[in-house]
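Remarks on the structure that follows.
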Amino acid sequence: MTAVKYELIKVCKQSGARLGRVHTPHGVIETPAFMPVGTQATVKTMSPEELKTMDAHIILSNTYHLFLRPGHDIIGRAGGLHKFMNWDRPILTDSGGFQVFSLSDMRKITEEGVQFRSHLNGDKLFLSPEKAMEIQNALGSDIMMAFDECPPYPAEYDYVKKSLERTTRWAERCLNSHARPHDQGLFAIVQGGMHKDLRIQSAKDLTSMDFPGYAIGGLSVGEPKHLMYDVLDYTVPELPAGKPRYLMGVGSPDALIEGSIRGVDMFDCVLPTRIARNGTTMTSQGRLVVRNAKYAEDFGPLDPECSCYTCQNYSRAYIRHLLKADETFGIRLTTYHNLHFLLQLMRDVRQAIMEDRLLDFRDDFFTKYGLFDNDKGF
RNA sequence: GGAGGGCUAGUGAAGUGGCUAAACACGGCAGACUGUAAAUCUGCUCCUUCGGGUUCGGUGGUUCGAAUCCAUCGCCCUCCA
């Protein structure tokens, strides 16, 4: 008996995208899905109640950050992460593998694991596949991620190959040390950089083991968009149809659509919440930097087509004022809107798949968003 | 009436003869942000037809050269009468 199961509902006749459900111990995720990121056991500035009103099905949290602070032992004694943070829907925990990449100047990688220096106080710490599983077991996430290495872009072929092979061995160690497969699912992570043969090798090696889901990592690390789409084009077909596919770290609106078209079921990204805190919003007409002076007397909503709490009640001028005055309510309003925007986008994508018109939907969306001549995508 | 102190770019504030169109901070304007060391970071912020032009309370001097020295006027602050 496995904790996480994928149910395929239908395939879009026009695009090949999948409409489905991921069943987890804390409920069902309708896919394709966007997962807001709550690294430190909170989606920055949002309460769980607010996340529910925008209908987020699942959120992310992070092994490395919670290991450092407050400590997985404390969260374990609190009764697990769900109880600790008052979120009763599914949680996916990243393994800390991405921190191996983003905190690269403070770590040393060996076959056994990774020696880290804490970014908080410089403490020497060690993370390994077994340790990452122990931590995620204590957190009690619905979906755990295997401990991987996310190589930078660009990277040497030989290094990427060695790295992916180690990531595969680490995945196997994760599987073997998985303490509670009955109530926590474990996803493996395909690596291989921008190299077709390496991606296929990684996917084949990992799918030869029985993980309840597969992620594609190592993308959205600075490479051009078309390269990422190429990787998806030849990687996704290597993944089993009966299991969920998760594209890690991707969250610009265009990439969510393009990823769905290529058969991806789950996405996560800090982009909507981070740019919200820095004054940029996503709207049906494209990105809108509401902090800019030109909105000082714009009394309309961020997005005239948006039904979210922010857009129903507050103007661009007011939000700009709050942001300029460093009032926390301002970043709460933009964060709420951006998350709602992406969650609504995924609802629209699912509807379009249901009606076999996802390619049409993409073209309409891109035209309005002004994306056809924009490689950035948000 | 007397004695001191001060007046520098939008604001605050360095600078007390050349390396100063003038530090720094704030404010302002823009940009970046993709499994969150990010409510963060970066750039610009006197004018300009990019050659240059005009600045440091006003005016007049000294000097090869002044925000910096002198004189004078104005305004502000403190203390003594």
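Ordering of the structure tokens sets the chain letters (A, B, ...); residue numbers start at 1 within each chain; ligands are numbered from 1 in the order shown.
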Can you pull out every residue within 7 Å of stretch 36-50 of chain A, counting only C-alpha atoms (C1' of nucleotides), but drop anything in the same chain fewer than 3 positions away, and send it as a PDB file with N, CA, C and O atoms (P, O5', C5', C4', C3', O3' and C1' of nucleotides), in the first residue's frame?
ATOM      1  N   THR A  53      -8.731  29.984   1.055  1.00  0.00           N
ATOM      2  CA  THR A  53      -9.721  30.778   0.320  1.00  0.00           C
ATOM      3  C   THR A  53      -9.307  30.956  -1.144  1.00  0.00           C
ATOM      4  O   THR A  53     -10.160  31.197  -1.993  1.00  0.00           O
ATOM      5  N   MET A  54      -8.013  30.837  -1.438  1.00  0.00           N
ATOM      6  CA  MET A  54      -7.607  30.888  -2.849  1.00  0.00           C
ATOM      7  C   MET A  54      -7.559  29.466  -3.432  1.00  0.00           C
ATOM      8  O   MET A  54      -7.176  29.266  -4.561  1.00  0.00           O
ATOM      9  N   ILE A  59       0.914  22.674  -0.364  1.00  0.00           N
ATOM     10  CA  ILE A  59       2.017  23.624  -0.282  1.00  0.00           C
ATOM     11  C   ILE A  59       3.335  22.873  -0.071  1.00  0.00           C
ATOM     12  O   ILE A  59       3.349  21.710   0.313  1.00  0.00           O
ATOM     13  N   LEU A  60       4.413  23.589  -0.306  1.00  0.00           N
ATOM     14  CA  LEU A  60       5.744  23.038  -0.142  1.00  0.00           C
ATOM     15  C   LEU A  60       6.343  23.498   1.176  1.00  0.00           C
ATOM     16  O   LEU A  60       6.014  24.569   1.671  1.00  0.00           O
ATOM     17  N   SER A  61       7.235  22.684   1.703  1.00  0.00           N
ATOM     18  CA  SER A  61       8.088  23.182   2.776  1.00  0.00           C
ATOM     19  C   SER A  61       9.475  22.588   2.564  1.00  0.00           C
ATOM     20  O   SER A  61       9.695  21.897   1.577  1.00  0.00           O
ATOM     21  N   ASN A  62      10.391  22.869   3.485  1.00  0.00           N
ATOM     22  CA  ASN A  62      11.788  22.572   3.177  1.00  0.00           C
ATOM     23  C   ASN A  62      12.543  21.875   4.294  1.00  0.00           C
ATOM     24  O   ASN A  62      12.596  22.352   5.429  1.00  0.00           O
ATOM     25  N   HIS A  65      15.804  23.934   5.728  1.00  0.00           N
ATOM     26  CA  HIS A  65      15.496  25.098   6.559  1.00  0.00           C
ATOM     27  C   HIS A  65      14.852  24.699   7.887  1.00  0.00           C
ATOM     28  O   HIS A  65      15.166  25.279   8.929  1.00  0.00           O
ATOM     29  N   LEU A  66      13.978  23.704   7.863  1.00  0.00           N
ATOM     30  CA  LEU A  66      13.324  23.303   9.110  1.00  0.00           C
ATOM     31  C   LEU A  66      14.265  22.477   9.998  1.00  0.00           C
ATOM     32  O   LEU A  66      14.134  22.479  11.222  1.00  0.00           O
ATOM     33  N   MET A  85       2.026  23.854  11.869  1.00  0.00           N
ATOM     34  CA  MET A  85       1.723  25.084  11.136  1.00  0.00           C
ATOM     35  C   MET A  85       0.228  25.250  10.851  1.00  0.00           C
ATOM     36  O   MET A  85      -0.168  26.201  10.181  1.00  0.00           O
ATOM     37  N   ASN A  86      -0.590  24.340  11.368  1.00  0.00           N
ATOM     38  CA  ASN A  86      -2.046  24.450  11.214  1.00  0.00           C
ATOM     39  C   ASN A  86      -2.487  24.390   9.761  1.00  0.00           C
ATOM     40  O   ASN A  86      -3.314  25.171   9.306  1.00  0.00           O
ATOM     41  N   TRP A  87      -1.929  23.428   9.044  1.00  0.00           N
ATOM     42  CA  TRP A  87      -2.313  23.209   7.633  1.00  0.00           C
ATOM     43  C   TRP A  87      -2.701  21.740   7.505  1.00  0.00           C
ATOM     44  O   TRP A  87      -1.864  20.860   7.714  1.00  0.00           O
ATOM     45  N   ASP A 268       6.112  23.933  -8.642  1.00  0.00           N
ATOM     46  CA  ASP A 268       6.214  24.814  -7.474  1.00  0.00           C
ATOM     47  C   ASP A 268       7.163  25.935  -7.858  1.00  0.00           C
ATOM     48  O   ASP A 268       7.992  25.774  -8.749  1.00  0.00           O
ATOM     49  N   CYS A 269       7.045  27.056  -7.187  1.00  0.00           N
ATOM     50  CA  CYS A 269       7.950  28.162  -7.484  1.00  0.00           C
ATOM     51  C   CYS A 269       7.797  29.272  -6.451  1.00  0.00           C
ATOM     52  O   CYS A 269       6.699  29.537  -5.977  1.00  0.00           O
ATOM     53  N   VAL A 270       8.917  29.910  -6.130  1.00  0.00           N
ATOM     54  CA  VAL A 270       8.860  31.049  -5.202  1.00  0.00           C
ATOM     55  C   VAL A 270       8.536  32.335  -5.956  1.00  0.00           C
ATOM     56  O   VAL A 270       8.297  33.369  -5.341  1.00  0.00           O
ATOM     57  N   ARG A 332       1.146  41.652   1.526  1.00  0.00           N
ATOM     58  CA  ARG A 332       0.139  40.605   1.699  1.00  0.00           C
ATOM     59  C   ARG A 332      -0.853  40.642   0.534  1.00  0.00           C
ATOM     60  O   ARG A 332      -1.227  39.595  -0.003  1.00  0.00           O
TER      61      ARG A 332
ATOM     62  P     U B  36      13.005  25.964  -2.035  1.00  0.00           P
ATOM     63  O5'   U B  36      14.099  27.129  -2.184  1.00  0.00           O
ATOM     64  C5'   U B  36      13.732  28.394  -2.741  1.00  0.00           C
ATOM     65  C4'   U B  36      14.460  29.492  -1.989  1.00  0.00           C
ATOM     66  C3'   U B  36      14.576  29.138  -0.475  1.00  0.00           C
ATOM     67  O3'   U B  36      15.883  28.884   0.017  1.00  0.00           O
ATOM     68  C1'   U B  36      13.261  31.170  -0.860  1.00  0.00           C
TER      69        U B  36
END
Could you please write out, as a PyMOL selection string, every residue of stretch 229-349 of chain A that DSSP assigns to helix (DSSP H, G or I)? chain A and resi 229-238+253-261+271-277+293-295+309-313+316-324+328-349
I want to know what sits within 9 Å of stretch 258-261 of chain A, based on only C-alpha atoms (C1' of nucleotides), with residues of the same chain fewer than 2 positions away left out; could you give that as a PyMOL selection string? chain A and resi 12+15-18+32+229+232+247+250+253-256+263-267+349+358-359+362
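With distances restricted to only C-alpha atoms (C1' of nucleotides), A:Ala325 is the closest residue to B:G27 from A:Asp356, A:Phe34, A:Ala325, A:Lys124.
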Who sits within 12 Å of B:C76, only C-alpha atoms (C1' of nucleotides), same chain under 3 positions skipped, as a compact mmCIF listing (two decimals) with N, CA, C and O atoms (P, O5', C5', C4', C3', O3' and C1' of nucleotides), in the first residue's frame:
# COMPACT_ATOMS: atom_id res chain seq x y z
P G B 5 32.67 80.58 17.03
O5' G B 5 31.45 79.65 16.60
C5' G B 5 31.22 78.41 17.29
C4' G B 5 29.86 77.87 16.95
C3' G B 5 29.55 77.73 15.46
O3' G B 5 30.16 76.59 14.88
C1' G B 5 27.69 78.67 16.56
P G B 6 30.66 76.68 13.34
O5' G B 6 29.27 76.76 12.55
C5' G B 6 28.44 75.61 12.43
C4' G B 6 27.03 76.00 12.01
C3' G B 6 26.81 76.29 10.53
O3' G B 6 26.75 75.10 9.77
C1' G B 6 25.57 77.79 11.87
P C B 7 27.15 75.18 8.22
O5' C B 7 25.86 75.82 7.54
C5' C B 7 24.64 75.08 7.37
C4' C B 7 23.62 76.03 6.77
C3' C B 7 23.80 76.28 5.27
O3' C B 7 22.63 75.87 4.54
C1' C B 7 23.65 78.34 6.49
P G B 57 26.71 78.11 1.21
O5' G B 57 25.53 79.09 0.79
C5' G B 57 24.23 78.59 0.54
C4' G B 57 23.25 79.72 0.47
C3' G B 57 23.78 80.96 -0.24
O3' G B 57 23.63 80.88 -1.64
C1' G B 57 22.86 81.59 1.83
Atom CA of A:Met106 and atom CA of A:Ser202 are how many Å apart?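 Distance between the two atoms: 26.7 Å.
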Quick check, in Å to one decimal: how far apart do atom CA of A:Lys52 and atom CA of A:Phe365 lie?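 We find that atom CA of A:Lys52 and atom CA of A:Phe365 lie 25.4 Å from each other.
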Identify all chain B residues at most 12 Å from chain A by counting only C-alpha atoms (C1' of nucleotides); ligands do not count. Present them as a list in words. G27, G28, C29, A30, G31, A32, C33, U34, G35, U36, A37, A38, A39, U40 and C41 of chain B
I need the chosen residues saved as a PDB file, in the first residue's frame, with C-alpha atoms (C1' of nucleotides).
ATOM      1  C1'   G B  27      13.789  60.125  -0.020  1.00  0.00           C
ATOM      2  C1'   G B  28      12.772  59.642  -5.435  1.00  0.00           C
ATOM      3  C1'   C B  29      13.044  56.809 -10.269  1.00  0.00           C
ATOM      4  C1'   A B  30      13.890  52.289 -12.722  1.00  0.00           C
ATOM      5  C1'   G B  31      15.627  47.162 -13.228  1.00  0.00           C
ATOM      6  C1'   A B  32      16.378  42.156 -11.480  1.00  0.00           C
ATOM      7  C1'   C B  33      14.003  38.044  -9.000  1.00  0.00           C
ATOM      8  C1'   U B  34      12.009  30.655 -11.062  1.00  0.00           C
ATOM      9  C1'   G B  35      12.669  23.097  -5.740  1.00  0.00           C
ATOM     10  C1'   U B  36      13.261  31.170  -0.860  1.00  0.00           C
ATOM     11  C1'   A B  37      20.302  32.909   3.215  1.00  0.00           C
ATOM     12  C1'   A B  38      15.383  37.752  -0.622  1.00  0.00           C
ATOM     13  C1'   A B  39       9.497  42.741   2.565  1.00  0.00           C
ATOM     14  C1'   U B  40      16.048  41.408  -0.990  1.00  0.00           C
ATOM     15  C1'   C B  41      19.675  43.004  -4.476  1.00  0.00           C
TER      16        C B  41
END
Determine, counting only C-alpha atoms (C1' of nucleotides), which protein, DNA and RNA residues have an atom within 12 Å of an atom of B:C70; residues of the same chain fewer than 4 positions away are not included. Present the result as number ranges by chain. B: 60-63, 66
Compile the contact shell of A:Ala132 as a PyMOL selection string: residues with an atom at most 9 Å away, counting only C-alpha atoms (C1' of nucleotides), same-chain residues fewer than 4 positions apart removed. chain A and resi 63-64+95-96+127-128+136-137+145-147+174
Could you list, as a ChimeraX atom specification, every residue within 12 Å of stretch 316-318 of chain A, counting only C-alpha atoms (C1' of nucleotides) and ignoring same-chain residues fewer than 6 positions away? /A:279-281,288-304,310,324-325,327,329-331,333-334,337
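Note that atom CA of A:Lys131 and atom CA of A:Arg89 are 24.9 Å apart.
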